[in-house]
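Read the structure below first, then the notes.
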Amino acid sequence: AENFLTEAQALSQGDLVVHVDHGIGRYLGLEVVTAAGAAHECLVLEYAEGSRLYLPVENIELLSRYGHEEGLLDRLGGGAWQAKKAKLKQRIREMADRLIRVAAERELRRAPVIAAEPHAWEAFAARFPYQETEDQLRAIEDVLSDLEAGRPMDRLICGDVGFGKTEVAMRAAFAAAMAGQQVAVIAPTTLLARQHYKEFAERFRGFPLSVHALSRFVSQRDATRTREAMAKGTADIVVGTHALLAKNVRFQNLGLLIIDEEQRFGVAHKERLKQMRSDVHVLTLTATPIPRTLQLSLSGVRDLSIIGTPPVDRLSIRTYVSEFDTVTVREALLREHYRGGQSFFVVPRIKDLPETEDFLANQVPEVSYVVAHGQMAAGELDQRMNAFYDGKYDVLLATTIVESGLDIPTANTMIIHRADMFGLAQLYQIRGRVGRSKARAYAYLTTKPRVPLTPGAEKRLRVLSSLDTLGAGFTLASQDLDIRGAGNLLGEEQSGQMRDVGFELYQSMLEEAIARIRSGEATGLPDDDGQWAPQINLGVPVLIPEDYVPDLDVRLGLYRRLSGMESKVDLEGFAAEMIDRFGPLPREVNLLMLVMRIKAMCKRAGIAKLDGGPKGATIQFHNDKFASPQGLVEFIQDQKGLAKVRDNKIVVRRDWKGEADRVRGAFAIARDLAEKVVGEKKKAKPDRQAARG
């Protein structure tokens with residue numbers, strides 16, 4: 001699914017993109033440009049005042065998607081973009097620094113060592129009615145080892161909707177409560193808190209532990225009792241909403257804090273959580289996927305466990321995309337009604353509710369429905385949601401508020417009205433509300449009859465209907481540049497900064513900064529951030545011919561995937577896949593792959609520009625520096641008079657007859673220089689260690 005997504009996520013014409021050196025421009029399409037007598041496919045980008053930039057396809061990785069539909073185009077050659085980027089780089093460095101400092105401080109703190117008592121633990125684990133998935137078991141082990149380490153745990157458990165994160169939380173709660181520590185479970189809405197309370201009370205029945213609830217739905221008398229029990233230490237586990245964060249709530253010895261969907265709490269609540277979490281173990285659950293690269297870069301700053309495998313007997317959701325048709329929708333709702341289930345009907349805007357209510361009242365009078373949307377008073381909204389949860393209505397007619405965490409096992413049909421108006425991750429989250437038990441779930445994505453879809457909407461719906469595999473949403477949403485997940489991961493409200501440079505570039509800048517600070521290079525080269533691409537001109541055609549892959553989007557997706565490949569093995573696998581999909585490779589594609597390998601070598605060697613012709617090659621280094629001056633001297637000597645330095649460039653004389661010679665020769669030169677750099681780095685490592693020691 002990964003590769004399919006890289007291709008589906010390809011740019012469509014008119015998208016805004018960010019070029020590392022030139023800023024925000026609009027992508028206009030692919031065009032074949034003839035340079036040095038050879039055909040070269042380029043992406044055409046439009047900048048402010050109508051100026052255009054032609055970017056060779058092999059340098060496509062300099063582009064990232066801006067991730068917003070609208071934005072101001074930058075001026076080509078203007079200094080504003082570089083200034084914006086430099087300012088942001090400083091902000092990012094500070095943020096990365098802060099993240100790492102927080103992690104380091106946590107290493108030094110102490111927290112009670114909590115070890116599960118084996119007999120009781122076995123009995124508790126055996127009560128879990130399902131087979132645990134491998135990811136679940138791994139997450140449970142991670143959590144237990146964190147609790148035993150004696151340092152405050154701060155672990156984030158990331159899992160697709162309905163993949164059993166709650167079970168991990170329950171086991172952690174059990175271990176802590178049996179060790180005599182109090183556990184607080186905090187959810188963002190009363191409905192979720194109620195769900196969790198029900199599940200916890202059910203699972204902990206028969207053990208010497210008391211589970212209490214605290215939220216608006218608890219009567220005043222019970223709430224007062226619960227607060228007293230918490231202060232005395234007789235309440236072992238308390239499940240609630242932010243009512244648990246109120247000033248008058250005291251714990252006798254809080255040992256574990258479990259937070260569900262932390263990104264949905266307000267700023268004040270987050271601050272309060274921060275104060276609470278200084279010396280207690282914290283476990284955070286989230287279904288908002290975090291882009292994979294960010295997960296990697298944050299490893300060690302924040303511990304992550306990912307649950308990516310679905311429960312054993314879960315069926316995938318059948319998804320249909322069609323124009324809105326009264327008969328189909330009526331049948332779908334009635335079928336669910338007669339098999340004893342409930343349905344969701346989701347509309348994009350509040351003003352779509354009245355016409356949909358008419359439709360339900362007139363066309364499907366057999367079912368009872370209840371309406372819910374975000375502008376209702378919180379109390380009323382909760383009452384309606386809870387009534388639906390208790391099975392008093394057949395259909396919940398709602399706006400997008402259903403996308404968050406509702407777990408209603410009996411609801412297994414989802415109708416999404418005007419599906420073309422939702423974003424990809426949003427549709428995925430909404431669809432994830434159904435199909436949470438063993439019954440087969442159905443999702444109908446309906447569009448407005450007789451109105452053509454925009455290309456973007458059509459592509460989104462196509463991707464969604466082809467992703468029926470369970471857990472694919474994880475790959476999907478980490479690809480879909482949905483800013484919520486990453487934005488809130490760092491606790492800083494940084495979506496404004498993201499808007500400046502677009503999401504992908506922001507993310508890679510952050511990764512870079514964290515990796516730098518970690519390896520102790522933070523003080524070194526601030527200006528070079530590794531975001532550049534070698535330019536290679538060998539006068540050979542570099543493109544995927546149109547008659548080989550006719551579909552423009554697919555071609556662009558292939559280019560995007562190619563730009564990330566460096567090793568011979570990757571490229572060979574890619575070639576095999578191309579042959580399998582499109583037939584024998586034409587000469588141009590073979591050359592394109594070779595140029596990609598040369599590019600990877602050039603990047604390693606720090607070569608910014610390599611021009612090759614019949615008489616040899618000219619080489620220019622990135623920032624006019626070569627990592628190993630000694631190695632460069634050796635290289636020039638090895639060429640026996642055929643290489644010399646001229647105006648900061650190196651000119652290597654050769655006699656290259658045809659294209660094949662040029663490609664082979666250029667590869668050899670780049671490889672030799674890359675080897676010198678690698679040798680230099682190996683030498684530098686022991687020196688650095690010695691200096692530190």
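Within each chain, counting starts at residue 1; across the structure tokens, chains are named A, B, ... in the order shown, with ligands numbered 1 upward in that order.
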
Self-check item: Close residues, region 559-576 of chain A itself excluded, 12 Å, only C-alpha atoms, min 4 positions apart in chain, as a PyMOL selection string
Solution: chain A and resi 2-11+30+41-43+56-65+533-534+542-545+549+552-555+580-586+589-604

Print the selection's residues with C-alpha atoms to a file, as a JSON list (two decimals), in the first residue's frame.
```
[["chain", "number", "residue", "atom", "x", "y", "z"],
["A", 2, "GLU", "CA", 2.95, 2.32, 0.67],
["A", 3, "ASN", "CA", 3.99, 2.57, -2.96],
["A", 4, "PHE", "CA", 0.45, 2.85, -4.17],
["A", 5, "LEU", "CA", 0.05, 5.79, -1.84],
["A", 6, "THR", "CA", 3.19, 7.57, -2.93],
["A", 7, "GLU", "CA", 1.76, 7.44, -6.42],
["A", 8, "ALA", "CA", -1.76, 8.40, -5.43],
["A", 9, "GLN", "CA", -0.37, 11.28, -3.41],
["A", 10, "ALA", "CA", 1.32, 12.58, -6.52],
["A", 11, "LEU", "CA", 0.75, 16.22, -7.34],
["A", 30, "LEU", "CA", 5.29, 18.06, -16.87],
["A", 41, "GLU", "CA", 11.36, 15.83, -18.65],
["A", 42, "CYS", "CA", 10.86, 18.78, -16.28],
["A", 43, "LEU", "CA", 8.21, 19.93, -13.83],
["A", 56, "PRO", "CA", 14.43, 18.36, -13.87],
["A", 57, "VAL", "CA", 12.51, 15.26, -12.75],
["A", 58, "GLU", "CA", 15.52, 13.66, -11.12],
["A", 59, "ASN", "CA", 15.58, 16.54, -8.61],
["A", 60, "ILE", "CA", 11.92, 16.16, -7.70],
["A", 61, "GLU", "CA", 12.81, 15.61, -4.04],
["A", 62, "LEU", "CA", 13.55, 19.35, -3.72],
["A", 63, "LEU", "CA", 9.78, 19.81, -3.83],
["A", 64, "SER", "CA", 7.42, 19.08, -1.03],
["A", 65, "ARG", "CA", 3.71, 19.63, -0.96],
["A", 533, "ALA", "CA", 20.12, 17.99, -4.70],
["A", 534, "PRO", "CA", 23.00, 17.45, -7.11],
["A", 542, "VAL", "CA", 16.31, 11.38, -18.69],
["A", 543, "LEU", "CA", 12.61, 10.60, -18.65],
["A", 544, "ILE", "CA", 9.91, 7.97, -18.54],
["A", 545, "PRO", "CA", 8.54, 8.13, -22.10],
["A", 549, "VAL", "CA", 3.59, 5.16, -19.00],
["A", 552, "LEU", "CA", 0.66, 11.67, -16.15],
["A", 553, "ASP", "CA", -0.11, 11.21, -12.45],
["A", 554, "VAL", "CA", 1.40, 7.74, -12.40],
["A", 555, "ARG", "CA", 4.55, 9.05, -14.10],
["A", 580, "ASP", "CA", 6.12, -6.18, -14.34],
["A", 581, "ARG", "CA", 3.70, -3.25, -14.61],
["A", 582, "PHE", "CA", 4.54, -1.65, -17.94],
["A", 583, "GLY", "CA", 6.67, -4.09, -19.95],
["A", 584, "PRO", "CA", 10.38, -4.09, -20.91],
["A", 585, "LEU", "CA", 12.30, -0.95, -19.91],
["A", 586, "PRO", "CA", 12.99, 1.51, -22.72],
["A", 589, "VAL", "CA", 14.27, 4.63, -18.27],
["A", 590, "ASN", "CA", 17.49, 2.65, -17.92],
["A", 591, "LEU", "CA", 19.43, 5.88, -18.26],
["A", 592, "LEU", "CA", 17.14, 7.58, -15.73],
["A", 593, "MET", "CA", 17.95, 4.86, -13.18],
["A", 594, "LEU", "CA", 21.69, 5.16, -13.81],
["A", 595, "VAL", "CA", 21.48, 8.94, -13.40],
["A", 596, "MET", "CA", 19.70, 8.33, -10.07],
["A", 597, "ARG", "CA", 22.61, 6.18, -8.88],
["A", 598, "ILE", "CA", 25.09, 8.82, -9.96],
["A", 599, "LYS", "CA", 23.00, 11.38, -8.10],
["A", 600, "ALA", "CA", 23.13, 9.35, -4.87],
["A", 601, "MET", "CA", 26.93, 9.09, -5.19],
["A", 602, "CYS", "CA", 27.20, 12.85, -5.86],
["A", 603, "LYS", "CA", 25.13, 13.62, -2.78],
["A", 604, "ARG", "CA", 27.47, 11.48, -0.69]]
```

Practice problem: For Lys649 (chain A), work out the shell of residues within 12 Å, counting only C-alpha atoms and skipping chain neighbours fewer than 2 positions away, then give it as a list in words. | Solution: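 The filter keeps Ile607, Ala608, Lys609, Leu610, Asp611, Ala617, Thr618, Ile619, Gln620, Phe621, His622, Asn623, Asp624, Lys625, Phe626, Leu632, Ala643, Lys644, Val645, Arg646, Asp647, Val651 and Val652 of chain A.
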
Exercise. Rank nothing, just name the residue among A:Ala243, A:Val280, A:Leu461, A:Leu45 nearest to Arg109 (chain A), using only C-alpha atoms.
Key: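 Closest candidate: A:Val280.
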
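If only C-alpha atoms are the atoms counted, then among A:Val327, A:Ala439, A:Leu273, A:Met376 the closest residue to Gln363 (chain A) is A:Val327.
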
Practice problem: Extract the full set of strand (DSSP E or B) residues from region 121-249 of chain A according to DSSP on the backbone, and format it as a ChimeraX atom specification. | Solution: /A:154-159,182-186,211-214,237-240

Self-check item: Selected residue, from A:Glu659, A:Tyr428, A:Glu588, A:Arg671, that lies nearest to Asp547 (chain A) when counting only C-alpha atoms
Solution: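 Nearest to Asp547 (chain A): A:Glu588.
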
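With only C-alpha atoms as the atoms that count, the residue of A:Gln220, A:His40, A:Met153, A:Phe359 with the shortest distance to Asn537 (chain A) is A:His40.
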
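Closest to Leu283 (chain A) among A:Ala605, A:Ala213, A:Ile258, A:Ala268 is A:Ile258, based on only C-alpha atoms.
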
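If you look at CA of Leu209 (chain A) and CA of Glu261 (chain A), they are 25.2 Å away from each other.
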
Quiz item: So how far away is CA of Ala104 (chain A) from CA of Arg516 (chain A), in Å?
Solution: 15.6 Å

Quiz item: Between A:Ala513, A:Leu333, A:Ala83, A:Ala111, which one has atoms that come closest to Val364 (chain A), using only C-alpha atoms?
Solution: A:Leu333

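Using only C-alpha atoms, the contacts of Lys89 (chain A) at a cut-off of 10 Å, with sequence neighbours closer than 3 positions omitted, comprise Ala83, Lys84, Lys85, Ala86, Ile92, Arg93, Glu94, Met95, Tyr506, Met509, Leu510, Ala513, Pro526, Asp527 and Asp529 of chain A.
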
Restricting it to N, CA and C atoms, dump the selection as a CSV table (one decimal), in the first residue's frame.
```
chain,number,residue,atom,x,y,z
A,83,ALA,N,14.9,34.3,3.9
A,83,ALA,CA,14.8,34.9,5.2
A,83,ALA,C,13.8,34.1,6.1
A,84,LYS,N,12.7,33.8,5.5
A,84,LYS,CA,11.6,33.1,6.2
A,84,LYS,C,12.1,31.8,6.7
A,85,LYS,N,12.9,31.1,5.8
A,85,LYS,CA,13.4,29.8,6.1
A,85,LYS,C,14.4,29.8,7.2
A,86,ALA,N,15.3,30.9,7.2
A,86,ALA,CA,16.3,31.0,8.2
A,86,ALA,C,15.7,31.2,9.6
A,92,ILE,N,12.9,26.3,15.0
A,92,ILE,CA,12.9,24.8,15.1
A,92,ILE,C,14.0,24.3,15.9
A,93,ARG,N,15.2,24.9,15.8
A,93,ARG,CA,16.3,24.4,16.6
A,93,ARG,C,16.0,24.6,18.1
A,94,GLU,N,15.3,25.7,18.4
A,94,GLU,CA,15.0,26.0,19.8
A,94,GLU,C,14.0,24.9,20.3
A,95,MET,N,13.1,24.6,19.4
A,95,MET,CA,12.0,23.6,19.8
A,95,MET,C,12.6,22.2,20.0
A,506,TYR,N,8.7,21.4,6.8
A,506,TYR,CA,8.7,21.7,8.2
A,506,TYR,C,9.2,20.5,9.0
A,509,MET,N,12.7,19.5,8.4
A,509,MET,CA,13.7,20.4,9.1
A,509,MET,C,13.7,20.1,10.6
A,510,LEU,N,12.6,19.7,11.1
A,510,LEU,CA,12.5,19.3,12.6
A,510,LEU,C,13.3,18.1,12.8
A,513,ALA,N,17.0,18.8,12.8
A,513,ALA,CA,17.4,19.5,14.0
A,513,ALA,C,17.6,18.5,15.2
A,526,PRO,N,25.4,25.6,10.9
A,526,PRO,CA,23.9,25.8,10.9
A,526,PRO,C,23.4,26.1,9.5
A,527,ASP,N,24.3,26.5,8.6
A,527,ASP,CA,23.7,26.9,7.3
A,527,ASP,C,23.4,25.8,6.3
A,529,ASP,N,21.7,22.4,5.6
A,529,ASP,CA,20.8,21.5,6.2
A,529,ASP,C,20.5,20.3,5.4
```

Quiz item: Any idea what's packed within 9 Å of region 366-368 of chain A, counting only C-alpha atoms, ignoring anything in its chain fewer than 2 positions away? Could you give it as a ChimeraX atom specification?
Solution: /A:333-334,337,360-361,363-364,370,392-396

Self-check item: Close residues, Gln383 (chain A) itself excluded, 10 Å, only C-alpha atoms, min 6 positions apart in chain, as a PyMOL selection string
Solution: chain A and resi 190-191+217+372+389
